[in-house]
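Visitor: To start, I am sharing the structure in question, which I have written as structure tokens.
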2 protein chains.
Amino acid sequence: MSLKYAVLAALLEGEASGYELSKVFDVSLANFWPATPQQLYRELERLAQDGLIEARVVQQERRPNKRLFTLTETGRRELSAFAAEPPRRPAALRDEFLIKIQAMDGVDPEVTRALFEERLSWARGKLARYERVRDRFLDGRTEERYLAEVDRIGPYLTLLGGIALETETVRWCERALAILKRRAPLS
Amino acid sequence: MSLKYAVLAALLEGEASGYELSKVFDVSLANFWPATPQQLYRELERLAQDGLIEARVVQQERRPNKRLFTLTETGRRELSAFAAEPPRRPAALRDEFLIKIQAMDGVDPEVTRALFEERLSWARGKLARYERVRDRFLDGRTEERYLAEVDRIGPYLTLLGGIALETETVRWCERALAILKRRAPLS
DNA sequence: TCTCCATAGTCAATTTGTTGAGTAGGTGTG
DNA sequence: CACACCTACTCAACAAATTGACTATGGAGA
């Protein structure tokens, strides 16, 4: 149900093909609404049929043709209506890693430490990418100036959310590693 | 695929019925692997058939009978094997709220502010509950003593993860609200 | 030249997840 | 004494998500 609006929201950035969207959902929106290419193609089909988006085919020379999708006025209105409603369901985190941690006490501590290490470097990488996106947004300006000049602040706020999340993940991993280290000599 | 291990991990706490598990998945594990009662009953059926858990029926006087499930040795081993593997898929956050924020710029700022306010108080509530769970874990001891005395630290680490997440959510909401406030007079 | 990767998708099958209703006795509140 | 809510599930139907394979072409690097 929400994928629909995630797609509409992604199209606020402008016209895009299914393929392009699948890239976007892989990096930026992956942060809060993951979707595979297949889901996107299906959803785009549906949205086009419902008149919330419009497709136009672009002939290409040395590549397969593509269909570019744009928001219609109806789509824009439906999206705004959705955005003004309180969420139906709370945020859901699905994290395999946490299941493993929950069950870690039957496992070699060294292996667990390695898992945390991996997660940590992954979070650091993601954080670095977010920070780069932020720099692109700001483009040399202070946050205050940026917020005053730009007309869409939504994407910036969600980006801050992503940064906050990964920052905290890094801290949590570090703390967990410290705890594991203190515990190691005892076993 | 992971629900299986989430259930097994939940049973590390000891024997439980489907109904009891559905409570657990509603509060504690809801943090990282949400599941509805129906999913749990289906999964328990499967796990019992695969010999990873064992059921025994408890006759009850003035309540419906219940089936209590316990981990078998096989189940325990499979869970440990799973916990030692690196995660197949990265953590996925699914948050309707963030879609709304991404698309907030077509919406009355006052409405958006109210959404953030709601989210903030929700996060504060969750945080408070986590802190209470932490106090129950520690039971008056310092963290250091607790970690030295207890044998399963996995649940404590995941709890710290939950606390970290909600703490950061609170901070993020506060920051976003400050930004919205600064911006309000301009519109 | 061979192979891999990127573009731009489609199709089908299967697994997960969600929703709603039904059963049935017990307990607590006004 | 009615009514709602708690325990403890089961069944059926549907919607959403995942996986893997398949089609085509072009460009880059070994």
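How things are named: the first chain in the structure tokens is A, the next is B, and so on; residues count from 1 in each chain; ligands count from 1 in the order shown.
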Would you tabulate, counting only C-alpha atoms (C1' of nucleotides), all residues of region 56-148 of chain A that have an atom at most 12 Å from an atom of region 11-25 of chain D, showing the closest pair of atoms and their distance in Å to one decimal, sorted by chain then ascending number, as CSV?

Guide:
```
residue,atom,partner,partner_atom,distance
A:Gln60,CA,D:DT25,C1',11.2
A:Glu61,CA,D:DT25,C1',10.1
A:Arg62,CA,D:DT25,C1',7.1
A:Arg63,CA,D:DT25,C1',6.2
A:Pro64,CA,D:DT25,C1',7.1
A:Asn65,CA,D:DT25,C1',10.7
```

Visitor: Find the residues in chain D near chain B: any atom within 9 Å counts, using only C-alpha atoms (C1' of nucleotides). Write them as a list in words.

Guide: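 For chain D, the answer reads DT7, DA8 and DC9 of chain D.
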
Visitor: Could you list, as a list in words, every residue of chain C that has an atom within 9 Å of an atom of chain B, counting only C-alpha atoms (C1' of nucleotides)?

Guide: DT15, DT16, DG17, DT18, DA24, DG25 and DG26 of chain C

Visitor: Let me make sure I understand: if you superpose chain B onto chain A using all C-alpha atoms paired in order, what RMSD in Å results?

Guide: 0.1 Å

Visitor: Quick one: everything within 10 Å of Trp33 (chain A), counting only C-alpha atoms (C1' of nucleotides), minus sequence neighbours fewer than 6 positions away in the same chain. Send it as a PDB file with N, CA and C atoms, in the first residue's frame.

Guide:
```pdb
ATOM      1  N   SER A   2       1.980   1.207   0.728  1.00  0.00           N
ATOM      2  CA  SER A   2       2.820   2.400   0.845  1.00  0.00           C
ATOM      3  C   SER A   2       3.824   2.516  -0.279  1.00  0.00           C
ATOM      4  N   LEU A   3       4.120   1.414  -0.912  1.00  0.00           N
ATOM      5  CA  LEU A   3       5.062   1.448  -2.024  1.00  0.00           C
ATOM      6  C   LEU A   3       4.573   2.452  -3.054  1.00  0.00           C
ATOM      7  N   ALA A   6       5.602   5.749  -2.018  1.00  0.00           N
ATOM      8  CA  ALA A   6       7.060   5.861  -2.094  1.00  0.00           C
ATOM      9  C   ALA A   6       7.473   6.153  -3.531  1.00  0.00           C
ATOM     10  N   VAL A   7       6.817   5.486  -4.473  1.00  0.00           N
ATOM     11  CA  VAL A   7       7.116   5.709  -5.890  1.00  0.00           C
ATOM     12  C   VAL A   7       6.717   7.129  -6.293  1.00  0.00           C
ATOM     13  N   PHE A  25      15.909   3.535  -5.508  1.00  0.00           N
ATOM     14  CA  PHE A  25      15.422   2.752  -4.382  1.00  0.00           C
ATOM     15  C   PHE A  25      16.534   1.886  -3.797  1.00  0.00           C
ATOM     16  N   ASP A  26      17.580   1.762  -4.552  1.00  0.00           N
ATOM     17  CA  ASP A  26      18.681   0.958  -4.065  1.00  0.00           C
ATOM     18  C   ASP A  26      19.592   1.760  -3.144  1.00  0.00           C
TER      19      ASP A  26
ATOM     20  N   ALA B  92      16.600  -3.698   7.063  1.00  0.00           N
ATOM     21  CA  ALA B  92      15.654  -2.924   6.266  1.00  0.00           C
ATOM     22  C   ALA B  92      14.704  -2.185   7.181  1.00  0.00           C
ATOM     23  N   LEU B  93      14.647  -0.903   6.995  1.00  0.00           N
ATOM     24  CA  LEU B  93      13.697  -0.086   7.740  1.00  0.00           C
ATOM     25  C   LEU B  93      12.542   0.201   6.810  1.00  0.00           C
ATOM     26  N   ARG B  94      11.332  -0.018   7.277  1.00  0.00           N
ATOM     27  CA  ARG B  94      10.160   0.353   6.484  1.00  0.00           C
ATOM     28  C   ARG B  94       9.360   1.349   7.283  1.00  0.00           C
ATOM     29  N   ASP B  95       9.375   2.591   6.820  1.00  0.00           N
ATOM     30  CA  ASP B  95       8.755   3.637   7.612  1.00  0.00           C
ATOM     31  C   ASP B  95       7.895   4.566   6.768  1.00  0.00           C
ATOM     32  N   GLU B  96       6.598   4.343   6.893  1.00  0.00           N
ATOM     33  CA  GLU B  96       5.620   5.164   6.184  1.00  0.00           C
ATOM     34  C   GLU B  96       5.818   6.644   6.478  1.00  0.00           C
ATOM     35  N   LEU B  98       8.448   8.325   7.005  1.00  0.00           N
ATOM     36  CA  LEU B  98       9.511   8.973   6.234  1.00  0.00           C
ATOM     37  C   LEU B  98       9.083   9.268   4.802  1.00  0.00           C
ATOM     38  N   ILE B  99       8.202   8.448   4.254  1.00  0.00           N
ATOM     39  CA  ILE B  99       7.649   8.760   2.929  1.00  0.00           C
ATOM     40  C   ILE B  99       6.866  10.067   3.010  1.00  0.00           C
TER      41      ILE B  99
END
```

Visitor: For a quick test of understanding: name the residues of chain A lying within 8 Å of chain B when counting only C-alpha atoms, and present them as a VMD selection string.

Guide: chain A and resid 2 5 to 6 9 12 30 to 34 79 to 84 86 to 108 111 to 112 115 147 to 148 151 to 155 157 to 158 160 to 161 164 to 165 168 to 169 172 176 183

Visitor: Do you have the CA of Phe69 (chain B)-CA of Glu15 (chain B) distance handy?

Guide: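 Straight-line distance from CA of Phe69 (chain B) to CA of Glu15 (chain B) works out to 5.4 Å.
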
Visitor: Mind checking DSSP for region 29-133 of chain A and telling me the helix (DSSP H, G or I) residues as JSON, numbers by chain?

Guide: {"A": [29, 30, 31, 37, 38, 39, 40, 41, 42, 43, 44, 45, 46, 47, 48, 49, 73, 74, 75, 76, 77, 78, 79, 80, 81, 82, 83, 84, 96, 97, 98, 99, 100, 101, 102, 104, 105, 106, 109, 110, 111, 112, 113, 114, 115, 116, 117, 118, 119, 120, 121, 122, 123, 124, 125, 126, 127, 128, 129, 130, 131, 132, 133]}

Visitor: Which of region 20-150 of chain A counts as strand (DSSP E) under DSSP, as JSON, numbers by chain please?

Guide: {"A": [53, 54, 55, 56, 57, 58, 66, 67, 68, 69, 70, 71, 92, 93, 94]}

Visitor: How about saving the chosen residues, N, CA, C and O atoms kept, as a PDB file, in the first residue's frame?

Guide:
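What landed in part02.pdb:
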```
ATOM      1  N   ILE A  53       0.285   8.589 -12.621  1.00  0.00           N
ATOM      2  CA  ILE A  53       1.508   8.957 -13.337  1.00  0.00           C
ATOM      3  C   ILE A  53       1.256   8.789 -14.841  1.00  0.00           C
ATOM      4  O   ILE A  53       0.300   8.115 -15.242  1.00  0.00           O
ATOM      5  N   GLU A  54       2.105   9.428 -15.625  1.00  0.00           N
ATOM      6  CA  GLU A  54       1.991   9.315 -17.073  1.00  0.00           C
ATOM      7  C   GLU A  54       3.297   8.794 -17.644  1.00  0.00           C
ATOM      8  O   GLU A  54       4.373   9.182 -17.193  1.00  0.00           O
ATOM      9  N   ALA A  55       3.166   7.946 -18.643  1.00  0.00           N
ATOM     10  CA  ALA A  55       4.372   7.390 -19.255  1.00  0.00           C
ATOM     11  C   ALA A  55       4.561   7.981 -20.645  1.00  0.00           C
ATOM     12  O   ALA A  55       3.596   8.284 -21.340  1.00  0.00           O
ATOM     13  N   ARG A  56       5.812   8.184 -21.001  1.00  0.00           N
ATOM     14  CA  ARG A  56       6.087   8.451 -22.416  1.00  0.00           C
ATOM     15  C   ARG A  56       7.309   7.626 -22.795  1.00  0.00           C
ATOM     16  O   ARG A  56       8.254   7.474 -22.022  1.00  0.00           O
ATOM     17  N   VAL A  57       7.228   7.082 -24.005  1.00  0.00           N
ATOM     18  CA  VAL A  57       8.312   6.214 -24.446  1.00  0.00           C
ATOM     19  C   VAL A  57       9.377   7.052 -25.115  1.00  0.00           C
ATOM     20  O   VAL A  57       9.073   7.904 -25.945  1.00  0.00           O
ATOM     21  N   VAL A  58      10.595   6.817 -24.734  1.00  0.00           N
ATOM     22  CA  VAL A  58      11.709   7.509 -25.370  1.00  0.00           C
ATOM     23  C   VAL A  58      12.491   6.495 -26.202  1.00  0.00           C
ATOM     24  O   VAL A  58      13.026   5.529 -25.680  1.00  0.00           O
ATOM     25  N   LYS A  66      13.145   3.294 -23.441  1.00  0.00           N
ATOM     26  CA  LYS A  66      12.690   3.326 -22.054  1.00  0.00           C
ATOM     27  C   LYS A  66      11.404   4.117 -21.930  1.00  0.00           C
ATOM     28  O   LYS A  66      11.074   4.928 -22.778  1.00  0.00           O
ATOM     29  N   ARG A  67      10.686   3.844 -20.848  1.00  0.00           N
ATOM     30  CA  ARG A  67       9.467   4.604 -20.563  1.00  0.00           C
ATOM     31  C   ARG A  67       9.759   5.510 -19.393  1.00  0.00           C
ATOM     32  O   ARG A  67      10.126   5.066 -18.320  1.00  0.00           O
ATOM     33  N   LEU A  68       9.556   6.802 -19.649  1.00  0.00           N
ATOM     34  CA  LEU A  68       9.764   7.771 -18.572  1.00  0.00           C
ATOM     35  C   LEU A  68       8.422   8.114 -17.946  1.00  0.00           C
ATOM     36  O   LEU A  68       7.438   8.359 -18.649  1.00  0.00           O
ATOM     37  N   PHE A  69       8.405   8.138 -16.630  1.00  0.00           N
ATOM     38  CA  PHE A  69       7.162   8.391 -15.911  1.00  0.00           C
ATOM     39  C   PHE A  69       7.198   9.752 -15.216  1.00  0.00           C
ATOM     40  O   PHE A  69       8.226  10.157 -14.687  1.00  0.00           O
ATOM     41  N   THR A  70       6.061  10.436 -15.256  1.00  0.00           N
ATOM     42  CA  THR A  70       5.915  11.727 -14.574  1.00  0.00           C
ATOM     43  C   THR A  70       4.676  11.695 -13.705  1.00  0.00           C
ATOM     44  O   THR A  70       3.704  11.022 -14.033  1.00  0.00           O
ATOM     45  N   LEU A  71       4.694  12.458 -12.639  1.00  0.00           N
ATOM     46  CA  LEU A  71       3.502  12.621 -11.813  1.00  0.00           C
ATOM     47  C   LEU A  71       2.438  13.398 -12.576  1.00  0.00           C
ATOM     48  O   LEU A  71       2.753  14.381 -13.234  1.00  0.00           O
ATOM     49  N   ALA A  92       8.785  -0.131  10.999  1.00  0.00           N
ATOM     50  CA  ALA A  92       9.203  -1.498  11.267  1.00  0.00           C
ATOM     51  C   ALA A  92      10.629  -1.697  10.811  1.00  0.00           C
ATOM     52  O   ALA A  92      10.968  -1.429   9.667  1.00  0.00           O
ATOM     53  N   LEU A  93      11.431  -2.145  11.736  1.00  0.00           N
ATOM     54  CA  LEU A  93      12.807  -2.485  11.404  1.00  0.00           C
ATOM     55  C   LEU A  93      12.871  -3.991  11.269  1.00  0.00           C
ATOM     56  O   LEU A  93      12.355  -4.705  12.117  1.00  0.00           O
ATOM     57  N   ARG A  94      13.469  -4.469  10.196  1.00  0.00           N
ATOM     58  CA  ARG A  94      13.682  -5.921  10.039  1.00  0.00           C
ATOM     59  C   ARG A  94      15.163  -6.146   9.900  1.00  0.00           C
ATOM     60  O   ARG A  94      15.743  -5.798   8.889  1.00  0.00           O
TER      61      ARG A  94
END
```

Visitor: What does the distance between CA of Thr72 (chain A) and CA of Val27 (chain A) come to in Å, to one decimal place?

Guide: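 Here the two named atoms are 25.0 Å from each other.
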
Visitor: In Å to one decimal, how far is C1' of DA21 (chain C) from C1' of DC3 (chain D)?

Guide: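 Calculated distance between C1' of DC3 (chain D) and C1' of DA21 (chain C) is 19.9 Å.
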